[in-house]
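Okay, so here's the structure we're looking at.
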Amino acid sequence: MCGIFGILADTLPQGAIIKEALDSIRHRGPDDEGYVFFDGVDHGYSAASGNDSSPELKERYRNVVDLDTGGHPLVLGNRRLAIIDLSPRGHQPMSYANDDFWITYNGEIFNYRELRRELSTLGCSFLSNTDTEVVLAAYSQWGNECVSRFNGQWAFCIYDRRKKRLFCSRDRFGIKPFYYWFDGRHFAFASEIKALLKLPFVKKELNRPLIADFMLFHMHHHTRESLYVGINQLLPSQNLIVDIREMNIQTNTYYRLYYSDEMGKYSNTQAMKYADDIRDILIDAVKIRLTSNVPVGSCLSGGLDSSSIVVIIDKLLKEGGTVAETVGKKQKAFTVCFDDPLVDEKKYADEVIKHTNVNGFFVYATAERLWKELDDFLFYQDGLCFMTNVYGGWEAMRLASHHVKVVLNGQGGDELFGGYSPYEDLYLAGMIREKRFIECLAYLSKKSRLYGFTHSFKKSLMSLYLALVPNELNELKVYLFKKKNKPKLDSIRDLLGDYYLDKGSLDRMIDRLRSFNHQLYCDLTKDYLPQLLHYDDRNASAFSIENRVPFVDHRLIECVSDIPAIYKCYGGWRKWLLRLAMRDLLPEKIRWRKDKIGFSTPENAWIGHQYSPIPSLVSRYGVKEYGKHFLWKFYLVHRLLARHEQNVSA
């Protein structure tokens with residue numbers, strides 16, 4: 001976890017402004033601070049220090065506030081969270097090949113040791129033990145194609161002095177953030193929007209169509225646009241190249257996920273082979289994510305995904321090796337609890353802890369604390385989050401920060417293996433469309449034994465509806481959407497001033513209903529998982545720790561995405577393959593959990609709490625009848641607009 005920043009312009013802002021911008025994301029990297037300014041003649045450079053730079057660098061370089069930025073059209077800045085090679089050799093921005101290449105980098109390349117050995121045989125030399133230097137050496141050797149060799153999570157900008165260009169990249173699934181501004185005269189980038197908003201040439205205009213998408217579809221990371229007009233995000237799996245001489249930019253997609261859209265025929269032998277492959281890849285994905293020079297722990301909700309990670313780490317510890325150097329003799333696991341038994345999963349976390357050699361740590365998230373620190377929470381989230389359960393993640397990261405500097409969590413497991421109930425609707429719809437009625441009835445029969453007849457009958461009706469109207473689905477959905485949401489749309493119009501409905505957003509919501517595996521593909525690559533990863537990144541960075549997600553290892557995603565749908569829901573169970581893969585590792589009570597709480601919070605109670613400002617607000621707009629999620633979003637948008645107006649007036 002680091003904070004990256006840079007500006008390319010005819011005239012750079014003063015050093016104090018540049019420092020203020022980078023300081024706004026200090027939480028991402030409080031361990032070190034660095035700046036490098038490049039001139040516009042022979043592309044020489046001047047380094048500068050900051051308050052958090054090492055004493056050695058403070059003695060060697062002037063403070064950035066005192067530096068004359070004139071004649072320097074380019075600056076790179078970095079706030080470092082030291083994870084690999086804690087020495088000053090890891091200082092950024094870092095150079096390579098006689099200062100021909102410079103980088104400001106946020107992330108971890110988990111296969112950097114293998115790449116370093118390969119690069120060494122090709123003649124590359126290294127002065128540090130960092131993965132940062134490996135990224136630079138890989139770029140010097142393989143150019144743009146270097147990113148295809150990385151297994152990790154990253155966002156970086158490399159200044160190539162030979163080609164007079166900036167090469168920027170973001171990891172395959174958007175684990176690490178990269179925002180940028182380009183108006184033809186200025187190019188600026190940063191890890192978070194708040195750093196760009198500090199710059200005088202960046203306009204502060206809210207993107208109201210995207211805010212409407214947030215309220216209607218729960219999405220605000222589904223396009224390259226951000227909450228502010230003109231501030232865009234580099235999408236997952238994209239590179240961005242800036243030609244310094246021509247002052248133009250271009251983006252390209254370097255990775256595409258392919259998936260099987262087949263329903264397939266079930267074979268128990270084949271299912272076990274798939275499960276074994278998944279088990280091997282997931283164990284290795286966890287193992288390489290334990291690489292660190294600082295303590296590593298794990299988040300534990302008690303669900304299938306996070307519990308799988310905890311038991312795998314426990315297995316690795318028992319096998320010996322170097323894992324204990326970062327995890328310790330006893331693994332540390334962090335659990336968020338609630339005083340509402342309907343959403344509290346502590347009993348499941350306790351089951352995993354009892355089954356393993358784990359030291360469990362617990363924190364109770366409360367409405368009082370949420371409303372007390374809402375300003376801080378939303379500052380780190382850049383203003384919006386679609387449910388209060390994001391605050392549960394915030395509490396987990398705060399708890400973890402008292403004990404470790406790196407955490408692993410189970411994000412991505414549901415989107416990969418089909419853990420949410422709407423996925424099941426599409427699975428059954430696919431059965432019906434292929435006229436596999438006996439198999440569909442067999443699934444529903446087994447489901448009814450697990451969950452009860454009423455639940456299964458409701459599912460079958462939904463699946464039948466989805467299956468029988470594929471050709472008319474677009475028009476029907478649009479009609480139902482407009483009819484059922486008219487009062488809500490009126491409320492949004494009252495709040496935003498005009499009614500913004502992006503037809504493209506509605507089309508995207510409809511398109512994903514094509515099939516079970518297509519829905520998983522969309523959620524993994526287009527919007528839902530990237531948005532969840534955004535929340536995780538912000539929660540972790542708020543407390544200066546690094547978040548790692550083994551289920552988002554591209555090898556695992558490619559393996560599972562290529563498996564026919566019949567193996568992902570089977571015998572009345574969702575996430576069938578993961579349950580098979582975790583045999584003999586997970587406690588049976590966890591492996592065969594029927595309920596899915598999904599890291600929920602007591603949202604109704606929290607929204608109606610005595611400290612909550614929501615009840616008095618929503619009555620003004622006549623939206624009392626709407627659900628808890630809408631009321632929460634409605635309040636956040638109202639708050640965002642009010643604060644924006646205050647800032648504009650000021």
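Chain lettering (A, B, ...) mirrors the order of the structure tokens, residue numbering begins at 1 for each chain separately, and ligand numbering begins at 1 in order of display.
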Excluding A:Asp160 and residues on its chain fewer than 4 positions from it, collect all residues at most 9 Å away from it, counting only C-alpha atoms, and give them as a list in words.
->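 In the requested format, the answer is Asp100, Phe101, Trp102, Ile103, Lys164, Arg165, Leu166 and Phe167 of chain A.
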Taking N, CA and C atoms for each residue, export the selection above as a PDB file, in the first residue's frame.
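Wrote it out as selection-v4.pdb, contents follow:
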ATOM      1  N   ASP A 100      17.478   6.093 -16.299  1.00  0.00           N
ATOM      2  CA  ASP A 100      16.666   6.177 -17.513  1.00  0.00           C
ATOM      3  C   ASP A 100      15.190   5.907 -17.233  1.00  0.00           C
ATOM      4  N   PHE A 101      14.920   5.168 -16.166  1.00  0.00           N
ATOM      5  CA  PHE A 101      13.543   4.826 -15.821  1.00  0.00           C
ATOM      6  C   PHE A 101      13.285   5.184 -14.361  1.00  0.00           C
ATOM      7  N   TRP A 102      12.139   5.820 -14.129  1.00  0.00           N
ATOM      8  CA  TRP A 102      11.742   6.199 -12.773  1.00  0.00           C
ATOM      9  C   TRP A 102      10.322   5.713 -12.521  1.00  0.00           C
ATOM     10  N   ILE A 103      10.058   5.334 -11.289  1.00  0.00           N
ATOM     11  CA  ILE A 103       8.732   4.812 -10.982  1.00  0.00           C
ATOM     12  C   ILE A 103       8.206   5.352  -9.668  1.00  0.00           C
ATOM     13  N   LYS A 164      10.689   9.369 -23.757  1.00  0.00           N
ATOM     14  CA  LYS A 164       9.997  10.612 -23.384  1.00  0.00           C
ATOM     15  C   LYS A 164       8.488  10.371 -23.229  1.00  0.00           C
ATOM     16  N   ARG A 165       8.165   9.426 -22.371  1.00  0.00           N
ATOM     17  CA  ARG A 165       6.764   9.101 -22.158  1.00  0.00           C
ATOM     18  C   ARG A 165       6.560   8.615 -20.731  1.00  0.00           C
ATOM     19  N   LEU A 166       5.282   8.644 -20.306  1.00  0.00           N
ATOM     20  CA  LEU A 166       4.870   8.046 -19.046  1.00  0.00           C
ATOM     21  C   LEU A 166       4.114   6.758 -19.368  1.00  0.00           C
ATOM     22  N   PHE A 167       4.489   5.697 -18.697  1.00  0.00           N
ATOM     23  CA  PHE A 167       3.796   4.420 -18.859  1.00  0.00           C
ATOM     24  C   PHE A 167       3.099   4.094 -17.542  1.00  0.00           C
TER      25      PHE A 167
END
Can I get the residues of stretch 146-178 of chain A within 12 Å of stretch 519-525 of chain A, each with the closest pair of atoms and their distance in Å to one decimal, using only C-alpha atoms, sorted chain first then ascending number, as a Markdown table?
| residue | atom | partner | partner_atom | distance |
| --- | --- | --- | --- | --- |
| A:Asp171 | CA | A:Thr525 | CA | 11.5 |
| A:Arg172 | CA | A:Thr525 | CA | 8.5 |
| A:Phe173 | CA | A:Thr525 | CA | 6.3 |
| A:Gly174 | CA | A:Thr525 | CA | 8.6 |
| A:Ile175 | CA | A:Thr525 | CA | 11.2 |
Which of A:Lys163, A:Lys354, A:Lys347, A:His72 sits closest to A:Ala47 [using only C-alpha atoms] |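 So, comparing all the options, the nearest one is A:His72.
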Give the strand (DSSP E) residues of stretch 212-362 of chain A, as DSSP finds them on the backbone, and put them as a ChimeraX atom specification.
-> /A:231-233,238-243,248-253,296-299,331-337,358-362
Can those selected residues be exported to a file as a compact mmCIF listing (two decimals), in the first residue's frame so that it contains C-alpha atoms?
# COMPACT_ATOMS: atom_id res chain seq x y z
CA ILE A 231 -11.38 13.00 -13.13
CA ASN A 232 -11.30 9.49 -14.56
CA GLN A 233 -10.05 6.17 -13.33
CA GLN A 238 -5.57 -1.10 -18.69
CA ASN A 239 -2.33 0.67 -19.49
CA LEU A 240 -2.16 4.40 -20.12
CA ILE A 241 0.65 6.04 -22.11
CA VAL A 242 1.35 9.77 -22.10
CA ASP A 243 3.50 11.16 -24.91
CA ASN A 248 -1.53 13.27 -25.68
CA ILE A 249 -2.71 10.11 -23.96
CA GLN A 250 -3.89 6.71 -25.06
CA THR A 251 -5.22 3.72 -23.15
CA ASN A 252 -5.23 0.06 -24.09
CA THR A 253 -6.47 -3.14 -22.50
CA VAL A 296 0.61 -10.57 8.32
CA GLY A 297 -2.87 -11.48 9.60
CA SER A 298 -6.25 -12.35 8.17
CA CYS A 299 -9.85 -11.14 8.30
CA GLN A 331 -2.05 -16.79 13.10
CA LYS A 332 -3.92 -13.60 14.00
CA ALA A 333 -7.50 -13.33 12.73
CA PHE A 334 -9.78 -10.30 13.02
CA THR A 335 -13.56 -10.50 13.30
CA VAL A 336 -16.27 -7.82 13.39
CA CYS A 337 -19.24 -8.62 15.63
CA VAL A 358 -5.55 -19.09 15.52
CA ASN A 359 -5.45 -16.16 17.89
CA GLY A 360 -8.80 -14.45 17.39
CA PHE A 361 -9.41 -10.74 17.91
CA PHE A 362 -12.92 -9.26 18.01
List every residue of stretch 331-442 of chain A that DSSP, applied to the backbone of this structure, assigns to helix (DSSP H, G or I), and report them as number ranges by chain.
-> A: 346-355, 367-372, 374-380, 389-401, 413-417, 421-433, 437-442
Minimum-distance residue to A:Asp376, chosen among A:Ser301, A:Asn539, A:Ser308, A:Gln270 (using only C-alpha atoms) | A:Asn539
Smallest atom-to-atom distance to A:Asp340: which of A:Trp606, A:His403, A:Thr269, A:Leu127, using only C-alpha atoms?
->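 Result for the nearest residue to A:Asp340: A:Trp606.
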Nearby residues (only C-alpha atoms) at most 9 Å from stretch 176-193 of chain A, same-chain spacing under 2 positions excluded, as an MDAnalysis selection string | chainID A and resid 1:11 22 24:25 28 106:107 153:157 168:171 173:174 195:197 199 201:202 226:228 230:236 242 247:249 382 533:534 537
Expected file contents, prior selection, N, CA and C atoms, as a short mmCIF file (atom, residue, chain, number, x, y, z; two decimals), in the first residue's frame:
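File written: selection.cif
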data_model
loop_
_atom_site.label_atom_id
_atom_site.label_comp_id
_atom_site.auth_asym_id
_atom_site.auth_seq_id
_atom_site.Cartn_x
_atom_site.Cartn_y
_atom_site.Cartn_z
N MET A 1 0.85 -1.19 0.00
CA MET A 1 0.00 0.00 0.00
C MET A 1 0.88 1.23 0.00
N CYS A 2 0.75 2.06 -1.00
CA CYS A 2 1.46 3.33 -1.08
C CYS A 2 0.52 4.35 -1.71
N GLY A 3 0.94 5.61 -1.67
CA GLY A 3 0.22 6.66 -2.36
C GLY A 3 1.07 7.17 -3.50
N ILE A 4 0.53 7.16 -4.72
CA ILE A 4 1.29 7.64 -5.87
C ILE A 4 0.68 8.93 -6.37
N PHE A 5 1.53 9.74 -7.02
CA PHE A 5 1.09 11.08 -7.43
C PHE A 5 2.05 11.59 -8.49
N GLY A 6 1.53 12.39 -9.41
CA GLY A 6 2.40 13.01 -10.41
C GLY A 6 1.67 14.07 -11.21
N ILE A 7 2.43 15.01 -11.76
CA ILE A 7 1.87 16.07 -12.61
C ILE A 7 2.79 16.29 -13.80
N LEU A 8 2.20 16.44 -14.99
CA LEU A 8 2.90 16.86 -16.19
C LEU A 8 2.19 18.11 -16.71
N ALA A 9 2.90 19.22 -16.81
CA ALA A 9 2.28 20.48 -17.23
C ALA A 9 3.35 21.46 -17.66
N ASP A 10 2.96 22.49 -18.41
CA ASP A 10 3.91 23.53 -18.79
C ASP A 10 4.50 24.19 -17.55
N THR A 11 3.63 24.46 -16.60
CA THR A 11 4.06 25.09 -15.35
C THR A 11 3.48 24.30 -14.18
N LEU A 22 -0.02 15.57 -1.95
CA LEU A 22 0.48 14.26 -1.54
C LEU A 22 0.19 13.99 -0.07
N SER A 24 -2.45 14.73 1.42
CA SER A 24 -3.86 14.34 1.57
C SER A 24 -4.03 12.83 1.52
N ILE A 25 -3.03 12.12 0.99
CA ILE A 25 -3.07 10.65 0.98
C ILE A 25 -1.91 10.07 1.80
N ARG A 28 -1.93 6.48 3.17
CA ARG A 28 -1.55 5.33 2.34
C ARG A 28 -0.10 4.94 2.53
N ASN A 106 2.46 1.64 -6.37
CA ASN A 106 1.62 1.20 -5.26
C ASN A 106 1.23 -0.24 -5.53
N GLY A 107 1.59 -1.15 -4.63
CA GLY A 107 1.17 -2.52 -4.82
C GLY A 107 2.21 -3.54 -4.40
N GLN A 153 -0.99 -7.07 -7.46
CA GLN A 153 -1.93 -5.95 -7.41
C GLN A 153 -1.10 -4.69 -7.53
N TRP A 154 -1.44 -3.82 -8.47
CA TRP A 154 -0.56 -2.68 -8.70
C TRP A 154 -1.27 -1.51 -9.37
N ALA A 155 -0.70 -0.36 -9.14
CA ALA A 155 -0.98 0.86 -9.89
C ALA A 155 0.33 1.63 -9.88
N PHE A 156 0.84 1.98 -11.04
CA PHE A 156 2.13 2.68 -11.07
C PHE A 156 2.24 3.58 -12.28
N CYS A 157 3.22 4.46 -12.21
CA CYS A 157 3.59 5.30 -13.35
C CYS A 157 5.11 5.23 -13.49
N CYS A 168 1.77 4.10 -17.56
CA CYS A 168 0.97 3.87 -16.35
C CYS A 168 0.20 2.56 -16.52
N SER A 169 -0.03 1.88 -15.40
CA SER A 169 -0.72 0.60 -15.49
C SER A 169 -1.49 0.33 -14.21
N ARG A 170 -2.59 -0.42 -14.37
CA ARG A 170 -3.40 -0.86 -13.23
C ARG A 170 -3.63 -2.37 -13.35
N ASP A 171 -3.67 -3.05 -12.22
CA ASP A 171 -3.75 -4.51 -12.23
C ASP A 171 -5.02 -5.02 -12.88
N PHE A 173 -7.71 -6.70 -12.12
CA PHE A 173 -9.07 -6.62 -11.59
C PHE A 173 -9.33 -5.38 -10.75
N GLY A 174 -8.40 -4.42 -10.75
CA GLY A 174 -8.65 -3.14 -10.10
C GLY A 174 -8.51 -3.17 -8.59
N ALA A 195 -6.46 13.87 -3.70
CA ALA A 195 -5.18 14.49 -4.02
C ALA A 195 -5.30 15.37 -5.27
N LEU A 196 -6.06 14.92 -6.26
CA LEU A 196 -6.24 15.71 -7.48
C LEU A 196 -7.05 16.97 -7.23
N LEU A 197 -7.99 16.90 -6.30
CA LEU A 197 -8.82 18.06 -6.00
C LEU A 197 -8.03 19.19 -5.36
N LEU A 199 -5.33 20.37 -6.65
CA LEU A 199 -4.58 21.05 -7.71
C LEU A 199 -5.42 22.18 -8.31
N PHE A 201 -5.65 23.52 -11.26
CA PHE A 201 -6.19 23.40 -12.61
C PHE A 201 -7.28 22.33 -12.71
N VAL A 202 -7.55 21.63 -11.64
CA VAL A 202 -8.59 20.59 -11.65
C VAL A 202 -9.92 21.20 -11.23
N SER A 226 -15.53 9.25 -12.60
CA SER A 226 -15.55 9.29 -11.14
C SER A 226 -16.64 10.24 -10.67
N LEU A 227 -16.66 10.54 -9.39
CA LEU A 227 -17.64 11.47 -8.83
C LEU A 227 -17.47 12.89 -9.34
N TYR A 228 -16.32 13.18 -9.94
CA TYR A 228 -16.05 14.54 -10.43
C TYR A 228 -15.81 14.52 -11.93
N GLY A 230 -14.34 15.00 -15.32
CA GLY A 230 -12.97 15.20 -15.79
C GLY A 230 -11.94 14.39 -15.03
N ILE A 231 -12.28 13.91 -13.85
CA ILE A 231 -11.38 13.00 -13.13
C ILE A 231 -11.82 11.58 -13.45
N ASN A 232 -10.96 10.84 -14.13
CA ASN A 232 -11.30 9.49 -14.56
C ASN A 232 -10.44 8.47 -13.83
N GLN A 233 -10.89 7.24 -13.85
CA GLN A 233 -10.05 6.17 -13.33
C GLN A 233 -9.52 5.34 -14.48
N LEU A 234 -8.28 4.91 -14.36
CA LEU A 234 -7.76 3.92 -15.28
C LEU A 234 -8.47 2.62 -14.93
N LEU A 235 -9.12 2.01 -15.90
CA LEU A 235 -9.91 0.82 -15.62
C LEU A 235 -9.01 -0.39 -15.35
N PRO A 236 -9.53 -1.39 -14.67
CA PRO A 236 -8.76 -2.62 -14.48
C PRO A 236 -8.27 -3.17 -15.81
N VAL A 242 1.36 8.33 -21.86
CA VAL A 242 1.35 9.77 -22.10
C VAL A 242 2.59 10.13 -22.90
N MET A 247 1.99 15.73 -25.84
CA MET A 247 1.00 15.94 -24.78
C MET A 247 -0.35 15.31 -25.17
N ASN A 248 -0.31 14.00 -25.45
CA ASN A 248 -1.53 13.27 -25.68
C ASN A 248 -1.48 11.95 -24.92
N ILE A 249 -2.64 11.36 -24.71
CA ILE A 249 -2.71 10.11 -23.96
C ILE A 249 -3.45 9.06 -24.76
N ASP A 382 -13.83 8.63 -0.05
CA ASP A 382 -14.07 9.61 -1.12
C ASP A 382 -15.55 9.91 -1.29
N LEU A 533 -13.59 -3.95 -4.14
CA LEU A 533 -12.15 -3.80 -3.95
C LEU A 533 -11.79 -2.35 -3.61
N HIS A 534 -12.53 -1.42 -4.20
CA HIS A 534 -12.35 -0.01 -3.85
C HIS A 534 -12.61 0.21 -2.37
N ASP A 537 -9.81 -1.29 -0.30
CA ASP A 537 -8.59 -0.48 -0.40
C ASP A 537 -8.68 0.74 0.49
#
